[in-house]
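Asker: Have a look at this one.
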Amino acid sequence: MVEEHLADQAGELLLHLLMGDLRRLAITTFEQGDADLLRRLLAVIDAGLREGDEYVENAVAVSFVEDTGWWEPETRPFIATWPSALQAEVDRQKSWRA
């Protein structure tokens, strides 16, 4: 996926676009019931949120968590599969919007 992204973006890594691609892949993986791939993918994204620099943290928070539409009832089963840092980001966004 990263190679495709780099090819599409003339060699430049655009974090928000890549995170959107990863979000769509995670949703598709969830819908197809591939629990192992979903767990591994979410673990990488979760680690990016916990350990990434401010640009990675922002891309995960905005282009993965927020763009998932956590406020929509139909996203709840997908979000229930998320590791702790992603879950905490949902909670942070909920408190910010309240």
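Chain labels A, B, ... are given in the sequence in which chains occur in the structure tokens; within each chain residues are numbered consecutively from 1, and ligands are likewise numbered from 1 in the order shown.
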Would you pick out the contacts of Thr29 in chain A at 12 Å or less, using only C-alpha atoms, so that residues sharing its chain but fewer than 5 positions from it are not included, and give the list as an mmCIF file with N, CA and C atoms, in the first residue's frame?
Answerer:
```cif
data_model
loop_
_atom_site.group_PDB
_atom_site.id
_atom_site.type_symbol
_atom_site.label_atom_id
_atom_site.label_comp_id
_atom_site.auth_asym_id
_atom_site.auth_seq_id
_atom_site.Cartn_x
_atom_site.Cartn_y
_atom_site.Cartn_z
ATOM 1 N N LEU A 22 -5.449 3.636 4.630
ATOM 2 C CA LEU A 22 -5.400 2.615 5.673
ATOM 3 C C LEU A 22 -6.754 2.453 6.364
ATOM 4 N N ARG A 23 -7.477 3.557 6.541
ATOM 5 C CA ARG A 23 -8.817 3.498 7.138
ATOM 6 C C ARG A 23 -9.752 2.681 6.248
ATOM 7 N N ARG A 24 -9.716 2.951 4.958
ATOM 8 C CA ARG A 24 -10.569 2.194 4.032
ATOM 9 C C ARG A 24 -10.183 0.716 4.013
ATOM 10 N N ASP A 34 -11.631 -10.654 8.274
ATOM 11 C CA ASP A 34 -10.235 -11.091 8.418
ATOM 12 C C ASP A 34 -9.671 -10.514 9.714
ATOM 13 N N ALA A 35 -9.976 -11.183 10.818
ATOM 14 C CA ALA A 35 -9.629 -10.671 12.148
ATOM 15 C C ALA A 35 -8.123 -10.548 12.353
ATOM 16 N N ASP A 36 -7.345 -11.478 11.823
ATOM 17 C CA ASP A 36 -5.891 -11.421 12.021
ATOM 18 C C ASP A 36 -5.280 -10.223 11.307
ATOM 19 N N LEU A 37 -5.628 -10.031 10.055
ATOM 20 C CA LEU A 37 -5.107 -8.876 9.318
ATOM 21 C C LEU A 37 -5.577 -7.580 9.961
ATOM 22 N N LEU A 38 -6.829 -7.516 10.362
ATOM 23 C CA LEU A 38 -7.356 -6.309 11.005
ATOM 24 C C LEU A 38 -6.590 -6.015 12.292
ATOM 25 N N ARG A 39 -6.350 -7.036 13.115
ATOM 26 C CA ARG A 39 -5.615 -6.850 14.369
ATOM 27 C C ARG A 39 -4.221 -6.292 14.104
ATOM 28 N N ARG A 40 -3.525 -6.840 13.106
ATOM 29 C CA ARG A 40 -2.170 -6.377 12.799
ATOM 30 C C ARG A 40 -2.184 -4.952 12.250
ATOM 31 N N LEU A 41 -3.118 -4.650 11.382
ATOM 32 C CA LEU A 41 -3.228 -3.312 10.809
ATOM 33 C C LEU A 41 -3.541 -2.278 11.885
ATOM 34 N N LEU A 42 -4.506 -2.587 12.739
ATOM 35 C CA LEU A 42 -4.864 -1.660 13.808
ATOM 36 C C LEU A 42 -3.735 -1.493 14.814
ATOM 37 N N PHE A 78 -17.096 -1.783 14.301
ATOM 38 C CA PHE A 78 -15.726 -1.641 13.809
ATOM 39 C C PHE A 78 -14.849 -1.008 14.882
ATOM 40 N N THR A 81 -13.333 -2.962 17.802
ATOM 41 C CA THR A 81 -12.152 -3.808 17.570
ATOM 42 C C THR A 81 -10.847 -3.047 17.784
#
```
Asker: Please provide as a compact mmCIF listing (two decimals) with N, CA and C atoms, in the first residue's frame all residues within 12 Å of Ala47 in chain A, with the sequence filter that same-chain residues fewer than 6 positions apart are discarded (counting only C-alpha atoms).
Answerer:
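Okay, this is what ended up in result-v1.txt:
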```
# COMPACT_ATOMS: atom_id res chain seq x y z
N ARG A 40 -3.52 -6.84 13.11
CA ARG A 40 -2.17 -6.38 12.80
C ARG A 40 -2.18 -4.95 12.25
N LEU A 41 -3.12 -4.65 11.38
CA LEU A 41 -3.23 -3.31 10.81
C LEU A 41 -3.54 -2.28 11.89
N ASP A 53 5.42 11.00 15.72
CA ASP A 53 5.61 12.43 15.97
C ASP A 53 4.26 13.15 15.83
N VAL A 56 2.29 12.41 12.57
CA VAL A 56 1.67 11.08 12.53
C VAL A 56 0.47 11.04 13.47
N GLU A 57 0.63 11.55 14.68
CA GLU A 57 -0.48 11.59 15.64
C GLU A 57 -1.68 12.33 15.05
N VAL A 60 -3.38 10.26 12.25
CA VAL A 60 -4.20 9.17 12.80
C VAL A 60 -5.47 9.73 13.42
N TRP A 82 -10.91 -1.75 18.00
CA TRP A 82 -9.71 -0.92 18.06
C TRP A 82 -8.93 -1.14 19.36
N PRO A 83 -7.60 -1.07 19.26
CA PRO A 83 -6.74 -1.13 20.46
C PRO A 83 -6.90 0.14 21.33
N SER A 84 -6.26 0.12 22.46
CA SER A 84 -6.49 1.13 23.51
C SER A 84 -6.21 2.58 23.11
N ALA A 85 -5.13 2.86 22.41
CA ALA A 85 -4.82 4.26 22.06
C ALA A 85 -5.85 4.82 21.09
N LEU A 86 -6.30 4.01 20.15
CA LEU A 86 -7.34 4.47 19.22
C LEU A 86 -8.66 4.69 19.96
```
Asker: Identify all residues of chain A in alpha helix (DSSP H) (DSSP on the backbone) and supply them as an NGL selection string.
Answerer: :A and (2-8 or 15-32 or 35-51 or 54-60 or 67-68 or 76-79 or 84-97)
Asker: Save out the residues we just selected, C-alpha atoms, as a PDB file, in the first residue's frame.
Answerer:
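What landed in part.pdb:
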```pdb
ATOM      1  CA  VAL A   2       2.797   2.452   0.823  1.00  0.00           C
ATOM      2  CA  GLU A   3       4.471   1.748  -2.521  1.00  0.00           C
ATOM      3  CA  GLU A   4       1.188   2.473  -4.328  1.00  0.00           C
ATOM      4  CA  HIS A   5       0.756   5.676  -2.349  1.00  0.00           C
ATOM      5  CA  LEU A   6       4.280   6.840  -3.169  1.00  0.00           C
ATOM      6  CA  ALA A   7       3.776   6.023  -6.850  1.00  0.00           C
ATOM      7  CA  ASP A   8       0.486   7.947  -6.910  1.00  0.00           C
ATOM      8  CA  LEU A  15       0.252  11.180   5.728  1.00  0.00           C
ATOM      9  CA  HIS A  16      -3.418  12.146   5.687  1.00  0.00           C
ATOM     10  CA  LEU A  17      -3.998  10.510   2.307  1.00  0.00           C
ATOM     11  CA  LEU A  18      -2.124   7.389   3.390  1.00  0.00           C
ATOM     12  CA  MET A  19      -4.118   7.247   6.620  1.00  0.00           C
ATOM     13  CA  GLY A  20      -7.335   7.527   4.622  1.00  0.00           C
ATOM     14  CA  ASP A  21      -6.178   4.583   2.509  1.00  0.00           C
ATOM     15  CA  LEU A  22      -5.400   2.615   5.673  1.00  0.00           C
ATOM     16  CA  ARG A  23      -8.817   3.498   7.138  1.00  0.00           C
ATOM     17  CA  ARG A  24     -10.569   2.194   4.032  1.00  0.00           C
ATOM     18  CA  LEU A  25      -8.424  -0.953   4.102  1.00  0.00           C
ATOM     19  CA  ALA A  26      -9.231  -1.523   7.786  1.00  0.00           C
ATOM     20  CA  ILE A  27     -12.969  -1.115   7.168  1.00  0.00           C
ATOM     21  CA  THR A  28     -12.859  -3.515   4.222  1.00  0.00           C
ATOM     22  CA  THR A  29     -10.819  -6.007   6.248  1.00  0.00           C
ATOM     23  CA  PHE A  30     -13.351  -5.764   9.088  1.00  0.00           C
ATOM     24  CA  GLU A  31     -16.268  -6.265   6.701  1.00  0.00           C
ATOM     25  CA  GLN A  32     -14.565  -9.316   5.172  1.00  0.00           C
ATOM     26  CA  ALA A  35      -9.629 -10.671  12.148  1.00  0.00           C
ATOM     27  CA  ASP A  36      -5.891 -11.421  12.021  1.00  0.00           C
ATOM     28  CA  LEU A  37      -5.107  -8.876   9.318  1.00  0.00           C
ATOM     29  CA  LEU A  38      -7.356  -6.309  11.005  1.00  0.00           C
ATOM     30  CA  ARG A  39      -5.615  -6.850  14.369  1.00  0.00           C
ATOM     31  CA  ARG A  40      -2.170  -6.377  12.799  1.00  0.00           C
ATOM     32  CA  LEU A  41      -3.228  -3.312  10.809  1.00  0.00           C
ATOM     33  CA  LEU A  42      -4.864  -1.660  13.808  1.00  0.00           C
ATOM     34  CA  ALA A  43      -1.815  -2.438  15.961  1.00  0.00           C
ATOM     35  CA  VAL A  44       0.391  -0.472  13.546  1.00  0.00           C
ATOM     36  CA  ILE A  45      -2.019   2.466  13.448  1.00  0.00           C
ATOM     37  CA  ASP A  46      -2.374   2.390  17.234  1.00  0.00           C
ATOM     38  CA  ALA A  47       1.424   2.422  17.589  1.00  0.00           C
ATOM     39  CA  GLY A  48       1.576   5.420  15.254  1.00  0.00           C
ATOM     40  CA  LEU A  49      -0.792   7.291  17.521  1.00  0.00           C
ATOM     41  CA  ARG A  50       1.169   6.351  20.665  1.00  0.00           C
ATOM     42  CA  GLU A  51       4.711   6.636  19.337  1.00  0.00           C
ATOM     43  CA  GLU A  54       3.028  15.204  15.987  1.00  0.00           C
ATOM     44  CA  TYR A  55       2.377  14.799  12.248  1.00  0.00           C
ATOM     45  CA  VAL A  56       1.665  11.077  12.525  1.00  0.00           C
ATOM     46  CA  GLU A  57      -0.479  11.590  15.637  1.00  0.00           C
ATOM     47  CA  ASN A  58      -2.506  14.250  13.822  1.00  0.00           C
ATOM     48  CA  ALA A  59      -2.959  12.102  10.712  1.00  0.00           C
ATOM     49  CA  VAL A  60      -4.198   9.170  12.804  1.00  0.00           C
ATOM     50  CA  ASP A  67     -12.994  10.284   9.464  1.00  0.00           C
ATOM     51  CA  THR A  68     -14.324   6.890  10.599  1.00  0.00           C
ATOM     52  CA  ARG A  76     -19.556   1.066  16.559  1.00  0.00           C
ATOM     53  CA  PRO A  77     -18.838  -2.621  15.783  1.00  0.00           C
ATOM     54  CA  PHE A  78     -15.726  -1.641  13.809  1.00  0.00           C
ATOM     55  CA  ILE A  79     -14.535   0.768  16.494  1.00  0.00           C
ATOM     56  CA  SER A  84      -6.490   1.131  23.510  1.00  0.00           C
ATOM     57  CA  ALA A  85      -4.822   4.259  22.064  1.00  0.00           C
ATOM     58  CA  LEU A  86      -7.345   4.469  19.222  1.00  0.00           C
ATOM     59  CA  GLN A  87     -10.194   3.955  21.702  1.00  0.00           C
ATOM     60  CA  ALA A  88      -8.736   6.704  23.898  1.00  0.00           C
ATOM     61  CA  GLU A  89      -8.642   9.047  20.898  1.00  0.00           C
ATOM     62  CA  VAL A  90     -12.344   8.417  20.268  1.00  0.00           C
ATOM     63  CA  ASP A  91     -13.033   9.250  23.925  1.00  0.00           C
ATOM     64  CA  ARG A  92     -10.904  12.409  23.647  1.00  0.00           C
ATOM     65  CA  GLN A  93     -12.813  13.523  20.564  1.00  0.00           C
ATOM     66  CA  LYS A  94     -16.159  12.792  22.203  1.00  0.00           C
ATOM     67  CA  SER A  95     -15.255  14.963  25.204  1.00  0.00           C
ATOM     68  CA  TRP A  96     -14.027  17.726  22.904  1.00  0.00           C
ATOM     69  CA  ARG A  97     -17.295  17.744  20.959  1.00  0.00           C
TER      70      ARG A  97
END
```
